[in-house]
Amino acid sequence: MAGDRTARERRTVVRVVSLVPSLTEAVAVSVPAVLVGATDWCSHPADLDVVRIGGTKNPDVDAVLRLGPDLVVANEEENREPDLAALREAGIEVLVTEVRDVPGAFRELDRVLAACGARARPRWLDAAEAAWAEPAAPARRRTAIVPVWRRPWMVLGRDTFAGDVLARLGVDNVYARHEDRYPRVPLTELTAAAPDLVVLPDEPYRFTADDGPESFTGIPCALVDGRMLTWYGPSLAEAPARLGEALRTAVS
């Protein structure tokens with residue numbers, strides 16, 4: 001099975017559709033000529049000019065098929081299996097990534113870029129790996145809750161890429177041992193957990209200074225760039241410094 005997968009990934013690929021914003025950016029800046037389609041949520045690079053095929057959770061499968069891709073890149077968390085199965089049934093090769101931590105992100109990025117025909121490892125990927133080799137250590141470790149949605153409140157739970165990112169920056173997720181990966185937790189329980197801080201990203205829910213912090217009176221809140229926290233692509237190179245600064249500012 002592994003040998004067959006390697007052989008498929010080494011074939012000539014000239015048309016790629018990405019169903020994952022992080023991977024779209026990675027492919028677009030590394031092997032731009034092959035990318036022909038991406039989701040409506042693929043916002044980077046800013047000048048990305050490809051056919052849009054719907055959302056990550058509801059892609060227009062027929063639109064993807066009309067593009068005639070050699071390969072569709074997806075993610076087991078961001079995309080739905082029925083959509084991926086429909087693409088496979090139509091004869092399209094689908095590469096599905098699984099990213100639960102920072103090392104896994106680098107492994108999967110290598111795999112995706114190789115499958116898309118990259119002839120050499122891009123410099124940004126080397127820079128990103130170097131940035132995460134020894135991120136700046138905080139003065140002391142802190143605990144945090146990390147909401148990703150409200151109405152109802154949902155937070156990071158176990159086994160998430162963003163949770164691993166924060167842990168490597170000295171911030172331990174209070175719900176890291178929860179049985180669910182994205183549990184729904186009442187606000188009263190979140191505040192009762194008494195974390196050192198609350199980390200509020202601007203995606204998938206767009207938390208802002210006026211929408212989010214008011215719910216956590218007396219607890220420092222760090223408003224962070226969701227792309228730095230949850231995307232695994234070129235943003236990984238600057239994420240340690242950007243996130244570290246936002247976390248330090250919140251508790252200073």
# chains A, B, ... in the order shown; residues from 1 in each chain; ligands from 1

call {"tool": "closest_atom_pairs", "arguments": {"of": "range 100-187 of chain A", "to": "range 58-74 of chain A", "cutoff": "10 Å", "atoms": "only C-alpha atoms", "output": "JSON lines"}}
result
{"residue": "A:Val112", "atom": "CA", "partner": "A:Val73", "partner_atom": "CA", "distance": 7.4}
{"residue": "A:Ala115", "atom": "CA", "partner": "A:Leu71", "partner_atom": "CA", "distance": 8.3}
{"residue": "A:Cys116", "atom": "CA", "partner": "A:Leu71", "partner_atom": "CA", "distance": 7.8}

call {"tool": "write_last_selection", "arguments": {"atoms": "C-alpha atoms", "output": "PDB file, in the first residue's frame"}}
result
ATOM      1  CA  VAL A 112       1.768  17.163  -0.504  1.00  0.00           C
ATOM      2  CA  ALA A 115       2.804  14.820  -4.855  1.00  0.00           C
ATOM      3  CA  CYS A 116       2.217  18.172  -6.584  1.00  0.00           C
TER       4      CYS A 116
END

call {"tool": "closest_atom_pairs", "arguments": {"of": "range 159-207 of chain A", "to": "range 89-108 of chain A", "cutoff": "8 Å", "atoms": "only C-alpha atoms", "output": "CSV"}}
result
residue,atom,partner,partner_atom,distance
A:Asp159,CA,A:Arg100,CA,6.0
A:Thr160,CA,A:Arg100,CA,4.9
A:Phe161,CA,A:Arg100,CA,4.3
A:Ala162,CA,A:Asp101,CA,7.6
A:Gly163,CA,A:Asp101,CA,7.9
A:Asp164,CA,A:Asp101,CA,5.3
A:Val165,CA,A:Val102,CA,6.5

call {"tool": "write_last_selection", "arguments": {"atoms": "N, CA and C atoms", "output": "compact mmCIF listing (two decimals), in the first residue's frame"}}
result
# COMPACT_ATOMS: atom_id res chain seq x y z
N ASP A 159 -5.88 16.45 21.14
CA ASP A 159 -5.29 16.00 19.89
C ASP A 159 -5.51 16.96 18.72
N THR A 160 -5.21 18.25 18.91
CA THR A 160 -5.38 19.22 17.83
C THR A 160 -4.04 19.87 17.49
N PHE A 161 -3.92 20.26 16.23
CA PHE A 161 -2.72 20.96 15.77
C PHE A 161 -2.54 22.26 16.55
N ALA A 162 -3.61 23.04 16.67
CA ALA A 162 -3.50 24.33 17.38
C ALA A 162 -3.11 24.13 18.83
N GLY A 163 -3.61 23.08 19.45
CA GLY A 163 -3.22 22.80 20.82
C GLY A 163 -1.74 22.50 20.95
N ASP A 164 -1.20 21.76 19.98
CA ASP A 164 0.22 21.46 20.00
C ASP A 164 1.05 22.72 19.76
N VAL A 165 0.58 23.57 18.86
CA VAL A 165 1.26 24.85 18.61
C VAL A 165 1.39 25.63 19.92

call {"tool": "closest_atom_pairs", "arguments": {"of": "range 115-144 of chain A", "to": "range 225-244 of chain A", "cutoff": "7 Å", "atoms": "only C-alpha atoms", "output": "JSON lines"}}
result
{"residue": "A:Trp124", "atom": "CA", "partner": "A:Pro234", "partner_atom": "CA", "distance": 6.1}
{"residue": "A:Leu125", "atom": "CA", "partner": "A:Pro234", "partner_atom": "CA", "distance": 6.8}
{"residue": "A:Ala127", "atom": "CA", "partner": "A:Ala237", "partner_atom": "CA", "distance": 5.7}
{"residue": "A:Ala128", "atom": "CA", "partner": "A:Ala237", "partner_atom": "CA", "distance": 3.7}
{"residue": "A:Ala131", "atom": "CA", "partner": "A:Ala237", "partner_atom": "CA", "distance": 5.9}
{"residue": "A:Trp132", "atom": "CA", "partner": "A:Pro240", "partner_atom": "CA", "distance": 6.8}
{"residue": "A:Pro135", "atom": "CA", "partner": "A:Pro240", "partner_atom": "CA", "distance": 6.1}

call {"tool": "write_last_selection", "arguments": {"atoms": "C-alpha atoms", "output": "tab-separated table (two decimals), in the first residue's frame"}}
result
chain	number	residue	atom	x	y	z
A	124	TRP	CA	9.94	28.64	3.34
A	125	LEU	CA	9.49	25.10	4.60
A	127	ALA	CA	12.63	28.32	7.48
A	128	ALA	CA	9.44	27.15	9.17
A	131	ALA	CA	11.59	28.49	13.53
A	132	TRP	CA	9.87	25.65	15.37
A	135	PRO	CA	10.81	28.60	19.74

call {"tool": "residues_around", "arguments": {"residues": "Thr208 in chain A", "least_positions_apart": "5", "cutoff": "12 Å", "atoms": "only C-alpha atoms", "output": "PDB file with N, CA and C atoms, in the first residue's frame"}}
result
ATOM      1  N   VAL A 199      -7.333  32.303  24.879  1.00  0.00           N
ATOM      2  CA  VAL A 199      -6.780  32.569  23.551  1.00  0.00           C
ATOM      3  C   VAL A 199      -7.939  32.627  22.567  1.00  0.00           C
ATOM      4  N   LEU A 200      -8.102  33.771  21.907  1.00  0.00           N
ATOM      5  CA  LEU A 200      -9.235  34.007  21.014  1.00  0.00           C
ATOM      6  C   LEU A 200      -8.736  34.248  19.585  1.00  0.00           C
ATOM      7  N   PRO A 201      -8.796  33.241  18.717  1.00  0.00           N
ATOM      8  CA  PRO A 201      -8.379  33.432  17.328  1.00  0.00           C
ATOM      9  C   PRO A 201      -9.474  34.116  16.508  1.00  0.00           C
ATOM     10  N   ASP A 202      -9.110  34.638  15.360  1.00  0.00           N
ATOM     11  CA  ASP A 202     -10.107  35.301  14.520  1.00  0.00           C
ATOM     12  C   ASP A 202     -10.687  34.374  13.448  1.00  0.00           C
ATOM     13  N   GLU A 203     -10.473  33.078  13.592  1.00  0.00           N
ATOM     14  CA  GLU A 203     -11.148  32.084  12.775  1.00  0.00           C
ATOM     15  C   GLU A 203     -11.081  30.731  13.497  1.00  0.00           C
ATOM     16  N   PRO A 213     -13.831  38.899  24.517  1.00  0.00           N
ATOM     17  CA  PRO A 213     -13.208  39.170  25.820  1.00  0.00           C
ATOM     18  C   PRO A 213     -14.191  39.562  26.915  1.00  0.00           C
ATOM     19  N   GLU A 214     -15.310  40.203  26.536  1.00  0.00           N
ATOM     20  CA  GLU A 214     -16.274  40.644  27.551  1.00  0.00           C
ATOM     21  C   GLU A 214     -16.893  39.469  28.314  1.00  0.00           C
ATOM     22  N   SER A 215     -16.789  38.272  27.748  1.00  0.00           N
ATOM     23  CA  SER A 215     -17.356  37.091  28.405  1.00  0.00           C
ATOM     24  C   SER A 215     -16.441  36.517  29.470  1.00  0.00           C
ATOM     25  N   CYS A 221      -7.068  38.054  28.004  1.00  0.00           N
ATOM     26  CA  CYS A 221      -7.434  37.468  26.708  1.00  0.00           C
ATOM     27  C   CYS A 221      -6.397  37.840  25.661  1.00  0.00           C
ATOM     28  N   ALA A 222      -5.955  36.847  24.905  1.00  0.00           N
ATOM     29  CA  ALA A 222      -5.017  37.074  23.803  1.00  0.00           C
ATOM     30  C   ALA A 222      -5.760  36.921  22.496  1.00  0.00           C
ATOM     31  N   LEU A 223      -5.936  38.025  21.775  1.00  0.00           N
ATOM     32  CA  LEU A 223      -6.526  37.969  20.435  1.00  0.00           C
ATOM     33  C   LEU A 223      -5.422  37.620  19.451  1.00  0.00           C
ATOM     34  N   VAL A 224      -5.578  36.506  18.746  1.00  0.00           N
ATOM     35  CA  VAL A 224      -4.502  36.042  17.878  1.00  0.00           C
ATOM     36  C   VAL A 224      -4.999  35.840  16.460  1.00  0.00           C
ATOM     37  N   ASP A 225      -4.066  35.905  15.535  1.00  0.00           N
ATOM     38  CA  ASP A 225      -4.329  35.646  14.129  1.00  0.00           C
ATOM     39  C   ASP A 225      -4.582  34.146  13.961  1.00  0.00           C
ATOM     40  N   GLY A 226      -5.790  33.797  13.529  1.00  0.00           N
ATOM     41  CA  GLY A 226      -6.123  32.395  13.379  1.00  0.00           C
ATOM     42  C   GLY A 226      -5.245  31.669  12.387  1.00  0.00           C
TER      43      GLY A 226
END

call {"tool": "closest_residue", "arguments": {"among": "A:Met154, A:Ala46, A:Ile53, A:Leu109", "to": "Ala26 in chain A", "atoms": "only C-alpha atoms"}}
result
A:Leu109

call {"tool": "closest_residue", "arguments": {"among": "A:Leu187, A:Val36, A:Ile219, A:Ala167", "to": "Trp149 in chain A", "atoms": "only C-alpha atoms"}}
result
A:Leu187

call {"tool": "residues_around", "arguments": {"residues": "range 40-45 of chain A", "least_positions_apart": "3", "cutoff": "6 Å", "atoms": "only C-alpha atoms", "output": "list in words"}}
result
Pro21, Glu25, Leu48, Arg52, Gly54 and Gly55 of chain A

call {"tool": "select_by_dssp", "arguments": {"residues": "range 77-185 of chain A", "states": "helix (DSSP H, G or I)", "output": "NGL selection string"}}
result
:A and (81-89 or 102-115 or 123-133 or 161-168)

call {"tool": "residues_around", "arguments": {"residues": "Leu35 in chain A", "least_positions_apart": "5", "cutoff": "9 Å", "atoms": "only C-alpha atoms", "output": "list in words"}}
result
Val14, Arg15, Val16, Val17, Ser18, Thr24, Val27, Ala28, Val50 and Cys116 of chain A

call {"tool": "residues_around", "arguments": {"residues": "Ala144 in chain A", "least_positions_apart": "5", "cutoff": "7 Å", "atoms": "only C-alpha atoms", "output": "VMD selection string"}}
result
chain A and resid 171 to 174 195 to 199

call {"tool": "write_last_selection", "arguments": {"atoms": "all heavy atoms", "output": "PDB file, in the first residue's frame"}}
result
ATOM      1  N   VAL A 171       2.001  27.262  26.490  1.00  0.00           N
ATOM      2  CA  VAL A 171       0.615  27.436  26.902  1.00  0.00           C
ATOM      3  C   VAL A 171      -0.095  26.093  26.836  1.00  0.00           C
ATOM      4  O   VAL A 171      -0.207  25.489  25.767  1.00  0.00           O
ATOM      5  CB  VAL A 171      -0.114  28.462  26.009  1.00  0.00           C
ATOM      6  CG1 VAL A 171      -1.584  28.564  26.409  1.00  0.00           C
ATOM      7  CG2 VAL A 171       0.555  29.832  26.119  1.00  0.00           C
ATOM      8  N   ASP A 172      -0.571  25.615  27.983  1.00  0.00           N
ATOM      9  CA  ASP A 172      -1.207  24.302  28.073  1.00  0.00           C
ATOM     10  C   ASP A 172      -2.725  24.434  28.031  1.00  0.00           C
ATOM     11  O   ASP A 172      -3.327  25.144  28.843  1.00  0.00           O
ATOM     12  CB  ASP A 172      -0.783  23.606  29.362  1.00  0.00           C
ATOM     13  CG  ASP A 172       0.718  23.341  29.396  1.00  0.00           C
ATOM     14  OD1 ASP A 172       1.262  22.881  28.383  1.00  0.00           O
ATOM     15  OD2 ASP A 172       1.343  23.614  30.447  1.00  0.00           O
ATOM     16  N   ASN A 173      -3.333  23.742  27.091  1.00  0.00           N
ATOM     17  CA  ASN A 173      -4.775  23.765  26.903  1.00  0.00           C
ATOM     18  C   ASN A 173      -5.465  23.043  28.059  1.00  0.00           C
ATOM     19  O   ASN A 173      -5.217  21.868  28.320  1.00  0.00           O
ATOM     20  CB  ASN A 173      -5.109  23.085  25.565  1.00  0.00           C
ATOM     21  CG  ASN A 173      -6.599  22.991  25.313  1.00  0.00           C
ATOM     22  OD1 ASN A 173      -7.403  23.659  25.963  1.00  0.00           O
ATOM     23  ND2 ASN A 173      -6.963  22.152  24.356  1.00  0.00           N
ATOM     24  N   VAL A 174      -6.364  23.741  28.736  1.00  0.00           N
ATOM     25  CA  VAL A 174      -7.084  23.165  29.868  1.00  0.00           C
ATOM     26  C   VAL A 174      -7.871  21.921  29.456  1.00  0.00           C
ATOM     27  O   VAL A 174      -8.015  20.969  30.236  1.00  0.00           O
ATOM     28  CB  VAL A 174      -8.037  24.221  30.481  1.00  0.00           C
ATOM     29  CG1 VAL A 174      -8.988  23.581  31.490  1.00  0.00           C
ATOM     30  CG2 VAL A 174      -7.230  25.342  31.134  1.00  0.00           C
ATOM     31  N   PRO A 195      -8.532  29.594  33.945  1.00  0.00           N
ATOM     32  CA  PRO A 195      -7.256  29.526  33.235  1.00  0.00           C
ATOM     33  C   PRO A 195      -6.439  30.786  33.446  1.00  0.00           C
ATOM     34  O   PRO A 195      -6.959  31.819  33.882  1.00  0.00           O
ATOM     35  CB  PRO A 195      -7.689  29.404  31.771  1.00  0.00           C
ATOM     36  CG  PRO A 195      -8.973  30.176  31.719  1.00  0.00           C
ATOM     37  CD  PRO A 195      -9.651  29.876  33.035  1.00  0.00           C
ATOM     38  N   ASP A 196      -5.157  30.696  33.121  1.00  0.00           N
ATOM     39  CA  ASP A 196      -4.311  31.889  33.194  1.00  0.00           C
ATOM     40  C   ASP A 196      -4.691  32.898  32.112  1.00  0.00           C
ATOM     41  O   ASP A 196      -4.530  34.110  32.311  1.00  0.00           O
ATOM     42  CB  ASP A 196      -2.840  31.514  33.025  1.00  0.00           C
ATOM     43  CG  ASP A 196      -2.321  30.675  34.177  1.00  0.00           C
ATOM     44  OD1 ASP A 196      -2.694  30.967  35.333  1.00  0.00           O
ATOM     45  OD2 ASP A 196      -1.550  29.738  33.923  1.00  0.00           O
ATOM     46  N   LEU A 197      -5.156  32.398  30.985  1.00  0.00           N
ATOM     47  CA  LEU A 197      -5.587  33.293  29.917  1.00  0.00           C
ATOM     48  C   LEU A 197      -6.546  32.575  28.992  1.00  0.00           C
ATOM     49  O   LEU A 197      -6.690  31.352  29.032  1.00  0.00           O
ATOM     50  CB  LEU A 197      -4.402  33.843  29.125  1.00  0.00           C
ATOM     51  CG  LEU A 197      -3.676  32.934  28.129  1.00  0.00           C
ATOM     52  CD1 LEU A 197      -2.958  33.776  27.087  1.00  0.00           C
ATOM     53  CD2 LEU A 197      -2.666  32.051  28.844  1.00  0.00           C
ATOM     54  N   VAL A 198      -7.201  33.368  28.147  1.00  0.00           N
ATOM     55  CA  VAL A 198      -8.093  32.868  27.101  1.00  0.00           C
ATOM     56  C   VAL A 198      -7.475  33.258  25.771  1.00  0.00           C
ATOM     57  O   VAL A 198      -7.112  34.421  25.560  1.00  0.00           O
ATOM     58  CB  VAL A 198      -9.507  33.470  27.227  1.00  0.00           C
ATOM     59  CG1 VAL A 198     -10.410  32.953  26.108  1.00  0.00           C
ATOM     60  CG2 VAL A 198     -10.104  33.149  28.589  1.00  0.00           C
ATOM     61  N   VAL A 199      -7.333  32.303  24.879  1.00  0.00           N
ATOM     62  CA  VAL A 199      -6.780  32.569  23.551  1.00  0.00           C
ATOM     63  C   VAL A 199      -7.939  32.627  22.567  1.00  0.00           C
ATOM     64  O   VAL A 199      -8.691  31.661  22.412  1.00  0.00           O
ATOM     65  CB  VAL A 199      -5.777  31.477  23.134  1.00  0.00           C
ATOM     66  CG1 VAL A 199      -5.250  31.751  21.722  1.00  0.00           C
ATOM     67  CG2 VAL A 199      -4.620  31.409  24.128  1.00  0.00           C
TER      68      VAL A 199
END

call {"tool": "residues_around", "arguments": {"residues": "Tyr175 in chain A", "least_positions_apart": "6", "cutoff": "7 Å", "atoms": "only C-alpha atoms", "output": "list in words"}}
result
Leu156, Gly157 and Arg158 of chain A

call {"tool": "atom_distance", "arguments": {"atom1": "CA of Leu190 in chain A", "atom2": "CA of Glu76 in chain A"}}
result
27.9 Å

call {"tool": "atom_distance", "arguments": {"atom1": "CA of His178 in chain A", "atom2": "CA of Ala192 in chain A"}}
result
15.8 Å

call {"tool": "closest_residue", "arguments": {"among": "A:Ala133, A:Glu189, A:Thr56, A:Gly212", "to": "Val148 in chain A", "atoms": "only C-alpha atoms"}}
result
A:Gly212

call {"tool": "select_by_dssp", "arguments": {"residues": "range 1-222 of chain A", "states": "strand (DSSP E)", "output": "PyMOL selection string"}}
result
chain A and resi 16-18+35-38+51-52+71-75+93-97+142-145+147-149+154-155+171-173+197-201+221-222

call {"tool": "atom_distance", "arguments": {"atom1": "CA of Asn79 in chain A", "atom2": "CA of Leu19 in chain A"}}
result
7.2 Å
